[in-house]
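Colleague: I'm passing along run-v4.pdb; it holds PDB, C-alpha atoms, pLDDT in the B column.
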MODEL        1
ATOM      1  CA  MET A  19      97.759  58.177  78.693  1.00 80.00           C
ATOM      2  CA  PHE A  20      97.978  54.469  79.484  1.00 86.00           C
ATOM      3  CA  THR A  21      95.624  51.491  79.601  1.00 82.00           C
ATOM      4  CA  GLY A  22      96.813  49.653  82.713  1.00 87.00           C
ATOM      5  CA  ILE A  23      97.817  46.599  80.674  1.00 90.00           C
ATOM      6  CA  ILE A  24     101.392  45.828  81.739  1.00 95.00           C
ATOM      7  CA  GLU A  25     103.714  45.076  78.809  1.00 95.00           C
ATOM      8  CA  THR A  26     106.625  43.603  80.693  1.00 97.00           C
ATOM      9  CA  LEU A  27     108.601  43.611  83.918  1.00 98.00           C
ATOM     10  CA  GLY A  28     111.807  45.620  84.191  1.00 98.00           C
ATOM     11  CA  LYS A  29     114.624  45.167  86.686  1.00 98.00           C
ATOM     12  CA  VAL A  30     116.220  47.970  88.707  1.00 98.00           C
ATOM     13  CA  GLU A  31     119.932  48.082  87.831  1.00 98.00           C
ATOM     14  CA  LYS A  32     121.028  51.361  89.420  1.00 98.00           C
ATOM     15  CA  LEU A  33     119.655  53.985  91.804  1.00 98.00           C
ATOM     16  CA  GLU A  34     121.358  57.371  92.035  1.00 98.00           C
ATOM     17  CA  LYS A  35     120.259  60.256  94.266  1.00 96.00           C
ATOM     18  CA  GLU A  36     120.919  63.804  93.079  1.00 96.00           C
ATOM     19  CA  GLY A  37     119.508  66.417  95.405  1.00 95.00           C
ATOM     20  CA  GLY A  38     115.805  65.594  95.775  1.00 95.00           C
ATOM     21  CA  ASN A  39     115.770  63.563  92.559  1.00 97.00           C
ATOM     22  CA  LEU A  40     116.225  59.838  92.077  1.00 98.00           C
ATOM     23  CA  HIS A  41     117.683  58.547  88.793  1.00 98.00           C
ATOM     24  CA  ILE A  42     116.429  55.010  88.189  1.00 98.00           C
ATOM     25  CA  THR A  43     118.155  52.770  85.658  1.00 98.00           C
ATOM     26  CA  ILE A  44     116.091  49.840  84.391  1.00 98.00           C
ATOM     27  CA  SER A  45     116.861  46.875  82.160  1.00 98.00           C
ATOM     28  CA  SER A  46     113.985  45.460  80.137  1.00 97.00           C
ATOM     29  CA  ASP A  47     113.143  43.660  76.934  1.00 95.00           C
ATOM     30  CA  ILE A  48     111.471  46.814  75.537  1.00 96.00           C
ATOM     31  CA  THR A  49     114.517  49.074  75.986  1.00 97.00           C
ATOM     32  CA  SER A  50     115.551  48.734  72.331  1.00 96.00           C
ATOM     33  CA  GLU A  51     112.148  50.139  71.310  1.00 96.00           C
ATOM     34  CA  LEU A  52     112.346  53.203  73.564  1.00 97.00           C
ATOM     35  CA  LYS A  53     113.589  56.667  72.721  1.00 96.00           C
ATOM     36  CA  ILE A  54     114.650  59.636  74.817  1.00 97.00           C
ATOM     37  CA  ASP A  55     111.709  61.843  75.906  1.00 96.00           C
ATOM     38  CA  GLN A  56     109.277  58.902  75.716  1.00 96.00           C
ATOM     39  CA  SER A  57     106.803  58.381  78.558  1.00 96.00           C
ATOM     40  CA  VAL A  58     106.802  55.008  80.304  1.00 97.00           C
ATOM     41  CA  ALA A  59     104.703  54.035  83.327  1.00 97.00           C
ATOM     42  CA  HIS A  60     106.760  52.454  86.137  1.00 98.00           C
ATOM     43  CA  ASN A  61     104.501  50.811  88.733  1.00 98.00           C
ATOM     44  CA  GLY A  62     101.855  53.174  87.375  1.00 96.00           C
ATOM     45  CA  VAL A  63     104.010  56.319  87.582  1.00 97.00           C
ATOM     46  CA  CYS A  64     104.517  58.172  84.296  1.00 97.00           C
ATOM     47  CA  LEU A  65     108.242  58.978  83.931  1.00 97.00           C
ATOM     48  CA  THR A  66     110.294  60.283  80.998  1.00 97.00           C
ATOM     49  CA  VAL A  67     113.192  58.345  79.494  1.00 98.00           C
ATOM     50  CA  VAL A  68     116.264  60.589  79.873  1.00 98.00           C
ATOM     51  CA  SER A  69     119.031  58.263  78.643  1.00 97.00           C
ATOM     52  CA  LEU A  70     119.513  54.941  76.843  1.00 97.00           C
ATOM     53  CA  ARG A  71     122.446  52.553  76.880  1.00 94.00           C
ATOM     54  CA  ASP A  72     122.445  48.976  75.555  1.00 92.00           C
ATOM     55  CA  ASP A  73     119.525  47.163  77.235  1.00 94.00           C
ATOM     56  CA  GLN A  74     119.162  49.787  79.975  1.00 98.00           C
ATOM     57  CA  TYR A  75     117.450  53.152  80.207  1.00 98.00           C
ATOM     58  CA  THR A  76     117.198  55.814  82.891  1.00 98.00           C
ATOM     59  CA  VAL A  77     114.270  57.862  84.182  1.00 98.00           C
ATOM     60  CA  THR A  78     114.218  60.525  86.887  1.00 98.00           C
ATOM     61  CA  ALA A  79     111.671  60.817  89.695  1.00 98.00           C
ATOM     62  CA  ILE A  80     111.461  64.174  91.466  1.00 97.00           C
ATOM     63  CA  GLU A  81     110.947  64.633  95.203  1.00 96.00           C
ATOM     64  CA  GLU A  82     107.200  65.263  94.802  1.00 95.00           C
ATOM     65  CA  THR A  83     106.808  61.951  92.953  1.00 96.00           C
ATOM     66  CA  LEU A  84     108.904  60.071  95.494  1.00 97.00           C
ATOM     67  CA  SER A  85     106.813  61.417  98.384  1.00 95.00           C
ATOM     68  CA  LYS A  86     103.534  60.183  96.871  1.00 95.00           C
ATOM     69  CA  THR A  87     104.542  56.817  95.408  1.00 97.00           C
ATOM     70  CA  ASN A  88     106.405  53.629  96.281  1.00 97.00           C
ATOM     71  CA  LEU A  89     109.357  54.496  94.014  1.00 97.00           C
ATOM     72  CA  ASP A  90     111.448  55.654  96.985  1.00 95.00           C
ATOM     73  CA  GLU A  91     111.279  52.053  98.287  1.00 96.00           C
ATOM     74  CA  LEU A  92     112.933  50.578  95.182  1.00 97.00           C
ATOM     75  CA  THR A  93     116.113  48.587  95.691  1.00 97.00           C
ATOM     76  CA  LEU A  94     118.506  46.973  93.237  1.00 98.00           C
ATOM     77  CA  GLU A  95     117.090  43.920  91.453  1.00 97.00           C
ATOM     78  CA  ASN A  96     113.473  44.940  92.235  1.00 97.00           C
ATOM     79  CA  GLU A  97     110.953  44.189  89.527  1.00 97.00           C
ATOM     80  CA  VAL A  98     108.981  47.096  88.074  1.00 98.00           C
ATOM     81  CA  ASN A  99     105.725  46.961  86.082  1.00 98.00           C
ATOM     82  CA  LEU A 100     106.268  48.699  82.716  1.00 98.00           C
ATOM     83  CA  GLU A 101     103.828  50.091  80.178  1.00 95.00           C
ATOM     84  CA  ARG A 102     104.485  52.450  77.286  1.00 95.00           C
ATOM     85  CA  ALA A 103     101.931  55.148  76.464  1.00 90.00           C
ATOM     86  CA  MET A 104      98.896  54.018  74.504  1.00 79.00           C
ATOM     87  CA  VAL A 105      98.832  54.397  70.734  1.00 74.00           C
ATOM     88  CA  LEU A 106      95.991  56.454  69.279  1.00 68.00           C
ATOM     89  CA  GLY A 107      93.598  54.171  67.429  1.00 64.00           C
ATOM     90  CA  ALA A 108      94.599  51.023  69.343  1.00 65.00           C
ATOM     91  CA  ARG A 109      92.207  48.964  71.444  1.00 62.00           C
ATOM     92  CA  LEU A 110      91.724  50.170  75.011  1.00 61.00           C
ATOM     93  CA  ASP A 111      91.908  46.815  76.809  1.00 64.00           C
ATOM     94  CA  GLY A 112      92.131  48.150  80.375  1.00 63.00           C
ATOM     95  CA  HIS A 113      90.755  51.590  81.256  1.00 69.00           C
ATOM     96  CA  ILE A 114      91.971  55.164  80.860  1.00 75.00           C
ATOM     97  CA  VAL A 115      94.990  55.586  83.135  1.00 78.00           C
ATOM     98  CA  GLN A 116      96.866  58.878  83.422  1.00 82.00           C
ATOM     99  CA  GLY A 117     100.019  57.634  85.113  1.00 87.00           C
ATOM    100  CA  HIS A 118      99.415  60.098  87.957  1.00 90.00           C
ATOM    101  CA  VAL A 119      99.441  58.208  91.253  1.00 95.00           C
ATOM    102  CA  ASP A 120      96.866  59.474  93.749  1.00 94.00           C
ATOM    103  CA  GLN A 121      98.258  57.757  96.839  1.00 95.00           C
ATOM    104  CA  THR A 122      99.780  54.553  98.115  1.00 97.00           C
ATOM    105  CA  ALA A 123      98.120  51.583  99.796  1.00 98.00           C
ATOM    106  CA  VAL A 124      99.356  48.637 101.836  1.00 98.00           C
ATOM    107  CA  CYS A 125      98.647  44.981 101.126  1.00 98.00           C
ATOM    108  CA  ALA A 126      96.536  43.706 104.025  1.00 98.00           C
ATOM    109  CA  SER A 127      95.971  40.127 102.893  1.00 98.00           C
ATOM    110  CA  VAL A 128      96.707  37.647 100.123  1.00 98.00           C
ATOM    111  CA  GLU A 129      94.316  34.731  99.733  1.00 96.00           C
ATOM    112  CA  GLU A 130      94.737  31.915  97.216  1.00 94.00           C
ATOM    113  CA  LYS A 131      91.399  30.858  95.716  1.00 90.00           C
ATOM    114  CA  ASP A 132      91.697  27.619  93.735  1.00 90.00           C
ATOM    115  CA  GLY A 133      94.151  28.887  91.123  1.00 90.00           C
ATOM    116  CA  SER A 134      93.570  32.619  91.458  1.00 95.00           C
ATOM    117  CA  TRP A 135      94.297  35.124  94.218  1.00 97.00           C
ATOM    118  CA  VAL A 136      92.390  37.796  96.109  1.00 97.00           C
ATOM    119  CA  PHE A 137      94.469  40.733  97.335  1.00 98.00           C
ATOM    120  CA  THR A 138      93.098  43.219  99.853  1.00 98.00           C
ATOM    121  CA  PHE A 139      94.640  46.673 100.187  1.00 98.00           C
ATOM    122  CA  THR A 140      94.092  49.391 102.799  1.00 98.00           C
ATOM    123  CA  TYR A 141      94.498  53.104 102.120  1.00 97.00           C
ATOM    124  CA  ASP A 142      93.993  56.472 103.793  1.00 95.00           C
ATOM    125  CA  SER A 143      90.374  57.375 103.037  1.00 88.00           C
ATOM    126  CA  GLY A 144      90.992  60.868 104.412  1.00 87.00           C
ATOM    127  CA  LEU A 145      92.351  61.891 101.004  1.00 86.00           C
ATOM    128  CA  ASN A 146      88.789  61.598  99.591  1.00 82.00           C
ATOM    129  CA  ASN A 147      89.583  58.871  97.069  1.00 87.00           C
ATOM    130  CA  VAL A 148      86.954  56.169  96.748  1.00 85.00           C
ATOM    131  CA  THR A 149      86.490  52.780  95.137  1.00 90.00           C
ATOM    132  CA  ILE A 150      83.238  51.203  94.078  1.00 86.00           C
ATOM    133  CA  GLU A 151      82.457  47.546  93.576  1.00 90.00           C
ATOM    134  CA  LYS A 152      82.863  46.591  89.895  1.00 91.00           C
ATOM    135  CA  GLY A 153      84.651  49.915  89.320  1.00 89.00           C
ATOM    136  CA  SER A 154      88.183  50.322  87.986  1.00 92.00           C
ATOM    137  CA  ILE A 155      91.352  50.800  90.043  1.00 95.00           C
ATOM    138  CA  THR A 156      94.999  50.844  89.051  1.00 95.00           C
ATOM    139  CA  VAL A 157      97.423  49.039  91.391  1.00 97.00           C
ATOM    140  CA  ASP A 158     101.097  49.628  90.511  1.00 98.00           C
ATOM    141  CA  GLY A 159      99.932  50.425  86.991  1.00 96.00           C
ATOM    142  CA  VAL A 160      97.745  47.312  86.585  1.00 96.00           C
ATOM    143  CA  SER A 161      94.152  47.974  85.488  1.00 94.00           C
ATOM    144  CA  LEU A 162      91.832  45.950  87.744  1.00 95.00           C
ATOM    145  CA  THR A 163      88.195  45.614  88.744  1.00 94.00           C
ATOM    146  CA  VAL A 164      87.264  46.119  92.394  1.00 95.00           C
ATOM    147  CA  VAL A 165      85.521  43.035  93.780  1.00 94.00           C
ATOM    148  CA  ASP A 166      84.901  44.345  97.300  1.00 93.00           C
ATOM    149  CA  SER A 167      84.844  48.000  98.324  1.00 93.00           C
ATOM    150  CA  GLN A 168      84.807  49.504 101.800  1.00 92.00           C
ATOM    151  CA  LYS A 169      85.624  52.984 103.098  1.00 88.00           C
ATOM    152  CA  ASP A 170      89.366  52.450 103.542  1.00 93.00           C
ATOM    153  CA  ARG A 171      90.014  49.133 101.788  1.00 96.00           C
ATOM    154  CA  PHE A 172      89.228  47.187  98.664  1.00 97.00           C
ATOM    155  CA  SER A 173      89.943  43.791  97.146  1.00 97.00           C
ATOM    156  CA  VAL A 174      90.855  42.654  93.644  1.00 97.00           C
ATOM    157  CA  ALA A 175      90.919  39.177  92.118  1.00 97.00           C
ATOM    158  CA  ILE A 176      94.055  38.227  90.192  1.00 97.00           C
ATOM    159  CA  ILE A 177      94.170  35.560  87.484  1.00 96.00           C
ATOM    160  CA  PRO A 178      97.312  33.423  87.039  1.00 96.00           C
ATOM    161  CA  TYR A 179      98.519  35.350  83.957  1.00 95.00           C
ATOM    162  CA  THR A 180      98.448  38.688  85.801  1.00 96.00           C
ATOM    163  CA  TYR A 181     100.004  37.100  88.888  1.00 97.00           C
ATOM    164  CA  GLU A 182     102.951  35.731  86.900  1.00 96.00           C
ATOM    165  CA  HIS A 183     103.527  38.659  84.509  1.00 96.00           C
ATOM    166  CA  THR A 184     103.332  41.580  86.962  1.00 97.00           C
ATOM    167  CA  ARG A 185     104.711  42.440  90.385  1.00 97.00           C
ATOM    168  CA  PHE A 186     101.714  40.732  92.025  1.00 97.00           C
ATOM    169  CA  HIS A 187     103.742  37.540  92.505  1.00 97.00           C
ATOM    170  CA  THR A 188     106.070  39.529  94.818  1.00 97.00           C
ATOM    171  CA  TYR A 189     103.367  41.079  97.020  1.00 97.00           C
ATOM    172  CA  LYS A 190     102.969  40.029 100.617  1.00 97.00           C
ATOM    173  CA  VAL A 191     101.257  41.545 103.643  1.00 98.00           C
ATOM    174  CA  GLY A 192     102.845  44.951 104.222  1.00 98.00           C
ATOM    175  CA  THR A 193     103.883  45.626 100.605  1.00 98.00           C
ATOM    176  CA  THR A 194     103.294  49.252  99.572  1.00 98.00           C
ATOM    177  CA  VAL A 195     101.655  49.796  96.182  1.00 98.00           C
ATOM    178  CA  ASN A 196     100.728  52.820  94.054  1.00 98.00           C
ATOM    179  CA  LEU A 197      97.046  53.589  93.460  1.00 97.00           C
ATOM    180  CA  GLU A 198      95.454  55.572  90.692  1.00 94.00           C
ATOM    181  CA  PHE A 199      91.725  55.814  91.216  1.00 92.00           C
ATOM    182  CA  ASP A 200      89.295  55.843  88.294  1.00 82.00           C
ATOM    183  CA  VAL A 201      89.374  59.283  86.661  1.00 74.00           C
ATOM    184  CA  VAL A 202      85.573  59.513  86.358  1.00 67.00           C
ATOM    185  CA  GLY A 203      85.159  58.546  90.012  1.00 65.00           C
ATOM    186  CA  LYS A 204      87.682  61.217  91.021  1.00 64.00           C
ATOM    187  CA  TYR A 205      85.690  63.925  89.226  1.00 62.00           C
ATOM    188  CA  VAL A 206      82.425  62.765  90.795  1.00 65.00           C
ATOM    189  CA  ALA A 207      83.996  62.684  94.282  1.00 65.00           C
ATOM    190  CA  ARG A 208      85.412  66.177  93.728  1.00 65.00           C
ATOM    191  CA  LEU A 209      82.052  67.560  92.594  1.00 65.00           C
ATOM    192  CA  LEU A 210      80.298  66.032  95.600  1.00 63.00           C
ATOM    193  CA  SER A 211      82.882  67.495  97.993  1.00 66.00           C
ATOM    194  CA  LEU A 212      82.322  70.964  96.503  1.00 63.00           C
ATOM    195  CA  ARG A 213      78.589  70.693  97.264  1.00 64.00           C
ATOM    196  CA  ASP A 214      79.202  70.036 100.980  1.00 60.00           C
TER
ENDMDL
END
Any chance you could put this one into structure tokens?

Modeller:
Amino acid sequence: MFTGIIETLGKVEKLEKEGGNLHITISSDITSELKIDQSVAHNGVCLTVVSLRDDQYTVTAIEETLSKTNLDELTLENEVNLERAMVLGARLDGHIVQGHVDQTAVCASVEEKDGSWVFTFTYDSGLNNVTIEKGSITVDGVSLTVVDSQKDRFSVAIIPYTYEHTRFHTYKVGTTVNLEFDVVGKYVARLLSLRD
């Protein structure tokens, strides 16, 4: 389980395909604190550390993960949002995040608003995921509050700290991001679909 509060940015150092799997090697300032078998969220995707070397570590994404996330678009030198699993008994500053991406979305607009930014994302509403205004959403692992919700799009407001310390400063129109919808909202949507 995660909180959606990004600890740091990592940098992609190596990408290696093996069958349907992708081995991703990352350098980061938290590498020295990691251990093999530990779960780390990468752009909101929970992956297991499989090897460690100096300031770099490697995780493996399987074909199923690659087909449902933006990890297959990674290139060398890309920045990646990183968060280690939450510690039991610690404050929950974001919201409950599972690290299980529901689908991807595309950045439709970026608007600067007097020192902050509003990002609008579009997604396939046919997968029965929904957002609600003032509800929680996770974008590339970042816990955010929805400020505008429509059937196939939503907007979030980004403060300067989040803009500078996450991948948001790299987003432009057309950027693909990972979405994890609020877990409570997913259960409600599922229950409602079963009634129809």

Colleague: Using the chain letters and numbering of this document, enumerate as a list in words the residues selected by the PyMOL selection byres ((chain A and resi 151) around 6).

Modeller: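 Here the PyMOL selection byres ((chain A and resi 151) around 6) matches Ile150, Lys152, Gly153, Val164, Val165, Asp166 and Ser167 of chain A.
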
Colleague: Tell me, in Å to one decimal, how far CA of Phe20 (chain A) is from CA of Val174 (chain A).

Modeller: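 Computed distance, CA of Phe20 (chain A) to CA of Val174 (chain A), equals 19.8 Å.
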
Colleague: Would you mind telling me which residue in A:Val128, A:Leu70, A:Ile177, A:Leu65 lies nearest to Leu89 (chain A) when using all atoms listed in the file?

Modeller: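 Checking each of A:Val128, A:Leu70, A:Ile177, A:Leu65 against Leu89 (chain A), counting all atoms listed in the file, the winner is A:Leu65.
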
Colleague: Between CA of Val119 (chain A) and CA of Thr43 (chain A), what is the spacing in Å?

Modeller: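 Pair CA of Thr43 (chain A) / CA of Val119 (chain A) returns 20.3 Å.
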
Colleague: For Asp55 (chain A), find every residue with an atom within 10 Å (counting only C-alpha atoms), except residues of its own chain fewer than 4 positions away, and show them as number ranges by chain.

Modeller: A: 65-69, 77

Colleague: Just to confirm, what's the straight-line distance from CA of Leu100 (chain A) to CA of Lys169 (chain A) in Å (one decimal)?

Modeller: 29.3 Å

Colleague: Kindly provide the residues of region 94-148 of chain A that approach region 27-37 of chain A to within 9 Å, each paired with its closest atom pair and their distance in Å to one decimal, based on only C-alpha atoms, listed by chain and increasing number, as a tab-separated table.

Modeller:
residue	atom	partner	partner_atom	distance
A:Leu94	CA	A:Val30	CA	5.2
A:Glu95	CA	A:Val30	CA	5.0
A:Asn96	CA	A:Val30	CA	5.4
A:Glu97	CA	A:Lys29	CA	4.7
A:Val98	CA	A:Gly28	CA	5.0
A:Asn99	CA	A:Leu27	CA	4.9
A:Leu100	CA	A:Leu27	CA	5.7
A:Glu101	CA	A:Leu27	CA	8.9

Colleague: Could I see region 115-140 of chain A restored to N, CA and C atoms, set down as a PDB file, in the coordinates of the input?

Modeller:
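What landed in part_5.pdb:
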ATOM      1  N   VAL A 115      94.074  55.393  82.014  1.00 78.00           N
ATOM      2  CA  VAL A 115      94.990  55.586  83.135  1.00 78.00           C
ATOM      3  C   VAL A 115      95.913  56.763  82.784  1.00 78.00           C
ATOM      4  N   GLN A 116      96.057  57.695  83.701  1.00 82.00           N
ATOM      5  CA  GLN A 116      96.866  58.878  83.422  1.00 82.00           C
ATOM      6  C   GLN A 116      98.340  58.711  83.783  1.00 82.00           C
ATOM      7  N   GLY A 117      98.640  57.755  84.645  1.00 87.00           N
ATOM      8  CA  GLY A 117     100.019  57.634  85.113  1.00 87.00           C
ATOM      9  C   GLY A 117     100.333  58.620  86.223  1.00 87.00           C
ATOM     10  N   HIS A 118      99.276  59.157  86.851  1.00 90.00           N
ATOM     11  CA  HIS A 118      99.415  60.098  87.957  1.00 90.00           C
ATOM     12  C   HIS A 118      98.909  59.414  89.226  1.00 90.00           C
ATOM     13  N   VAL A 119      99.810  58.952  90.043  1.00 95.00           N
ATOM     14  CA  VAL A 119      99.441  58.208  91.253  1.00 95.00           C
ATOM     15  C   VAL A 119      98.755  59.134  92.245  1.00 95.00           C
ATOM     16  N   ASP A 120      97.621  58.685  92.783  1.00 94.00           N
ATOM     17  CA  ASP A 120      96.866  59.474  93.749  1.00 94.00           C
ATOM     18  C   ASP A 120      97.382  59.288  95.172  1.00 94.00           C
ATOM     19  N   GLN A 121      97.737  58.055  95.510  1.00 95.00           N
ATOM     20  CA  GLN A 121      98.258  57.757  96.839  1.00 95.00           C
ATOM     21  C   GLN A 121      98.741  56.319  96.855  1.00 95.00           C
ATOM     22  N   THR A 122      99.328  55.933  97.974  1.00 97.00           N
ATOM     23  CA  THR A 122      99.780  54.553  98.115  1.00 97.00           C
ATOM     24  C   THR A 122      98.786  53.786  98.994  1.00 97.00           C
ATOM     25  N   ALA A 123      98.915  52.473  98.952  1.00 98.00           N
ATOM     26  CA  ALA A 123      98.120  51.583  99.796  1.00 98.00           C
ATOM     27  C   ALA A 123      99.041  50.485 100.297  1.00 98.00           C
ATOM     28  N   VAL A 124      98.568  49.724 101.264  1.00 98.00           N
ATOM     29  CA  VAL A 124      99.356  48.637 101.836  1.00 98.00           C
ATOM     30  C   VAL A 124      98.579  47.339 101.674  1.00 98.00           C
ATOM     31  N   CYS A 125      99.274  46.295 101.261  1.00 98.00           N
ATOM     32  CA  CYS A 125      98.647  44.981 101.126  1.00 98.00           C
ATOM     33  C   CYS A 125      98.295  44.452 102.511  1.00 98.00           C
ATOM     34  N   ALA A 126      97.004  44.173 102.722  1.00 98.00           N
ATOM     35  CA  ALA A 126      96.536  43.706 104.025  1.00 98.00           C
ATOM     36  C   ALA A 126      96.368  42.197 104.075  1.00 98.00           C
ATOM     37  N   SER A 127      96.091  41.583 102.915  1.00 98.00           N
ATOM     38  CA  SER A 127      95.971  40.127 102.893  1.00 98.00           C
ATOM     39  C   SER A 127      96.114  39.603 101.468  1.00 98.00           C
ATOM     40  N   VAL A 128      96.583  38.365 101.388  1.00 98.00           N
ATOM     41  CA  VAL A 128      96.707  37.647 100.123  1.00 98.00           C
ATOM     42  C   VAL A 128      96.061  36.285 100.344  1.00 98.00           C
ATOM     43  N   GLU A 129      95.048  35.985  99.551  1.00 96.00           N
ATOM     44  CA  GLU A 129      94.316  34.731  99.733  1.00 96.00           C
ATOM     45  C   GLU A 129      94.276  33.963  98.412  1.00 96.00           C
ATOM     46  N   GLU A 130      94.799  32.744  98.425  1.00 94.00           N
ATOM     47  CA  GLU A 130      94.737  31.915  97.216  1.00 94.00           C
ATOM     48  C   GLU A 130      93.349  31.297  97.126  1.00 94.00           C
ATOM     49  N   LYS A 131      92.765  31.343  95.920  1.00 90.00           N
ATOM     50  CA  LYS A 131      91.399  30.858  95.716  1.00 90.00           C
ATOM     51  C   LYS A 131      91.366  29.898  94.537  1.00 90.00           C
ATOM     52  N   ASP A 132      91.812  28.666  94.742  1.00 90.00           N
ATOM     53  CA  ASP A 132      91.697  27.619  93.735  1.00 90.00           C
ATOM     54  C   ASP A 132      92.249  28.052  92.374  1.00 90.00           C
ATOM     55  N   GLY A 133      93.498  28.524  92.372  1.00 90.00           N
ATOM     56  CA  GLY A 133      94.151  28.887  91.123  1.00 90.00           C
ATOM     57  C   GLY A 133      94.182  30.364  90.824  1.00 90.00           C
ATOM     58  N   SER A 134      93.473  31.166  91.583  1.00 95.00           N
ATOM     59  CA  SER A 134      93.570  32.619  91.458  1.00 95.00           C
ATOM     60  C   SER A 134      93.847  33.187  92.848  1.00 95.00           C
ATOM     61  N   TRP A 135      93.956  34.498  92.949  1.00 97.00           N
ATOM     62  CA  TRP A 135      94.297  35.124  94.218  1.00 97.00           C
ATOM     63  C   TRP A 135      93.404  36.329  94.455  1.00 97.00           C
ATOM     64  N   VAL A 136      93.091  36.579  95.717  1.00 97.00           N
ATOM     65  CA  VAL A 136      92.390  37.796  96.109  1.00 97.00           C
ATOM     66  C   VAL A 136      93.329  38.592  97.007  1.00 97.00           C
ATOM     67  N   PHE A 137      93.612  39.820  96.582  1.00 98.00           N
ATOM     68  CA  PHE A 137      94.469  40.733  97.335  1.00 98.00           C
ATOM     69  C   PHE A 137      93.603  41.836  97.917  1.00 98.00           C
ATOM     70  N   THR A 138      93.799  42.124  99.196  1.00 98.00           N
ATOM     71  CA  THR A 138      93.098  43.219  99.853  1.00 98.00           C
ATOM     72  C   THR A 138      94.111  44.288 100.220  1.00 98.00           C
ATOM     73  N   PHE A 139      93.761  45.539  99.923  1.00 98.00           N
ATOM     74  CA  PHE A 139      94.640  46.673 100.187  1.00 98.00           C
ATOM     75  C   PHE A 139      93.912  47.689 101.055  1.00 98.00           C
ATOM     76  N   THR A 140      94.647  48.316 101.984  1.00 98.00           N
ATOM     77  CA  THR A 140      94.092  49.391 102.799  1.00 98.00           C
ATOM     78  C   THR A 140      94.740  50.699 102.392  1.00 98.00           C
TER      79      THR A 140
END
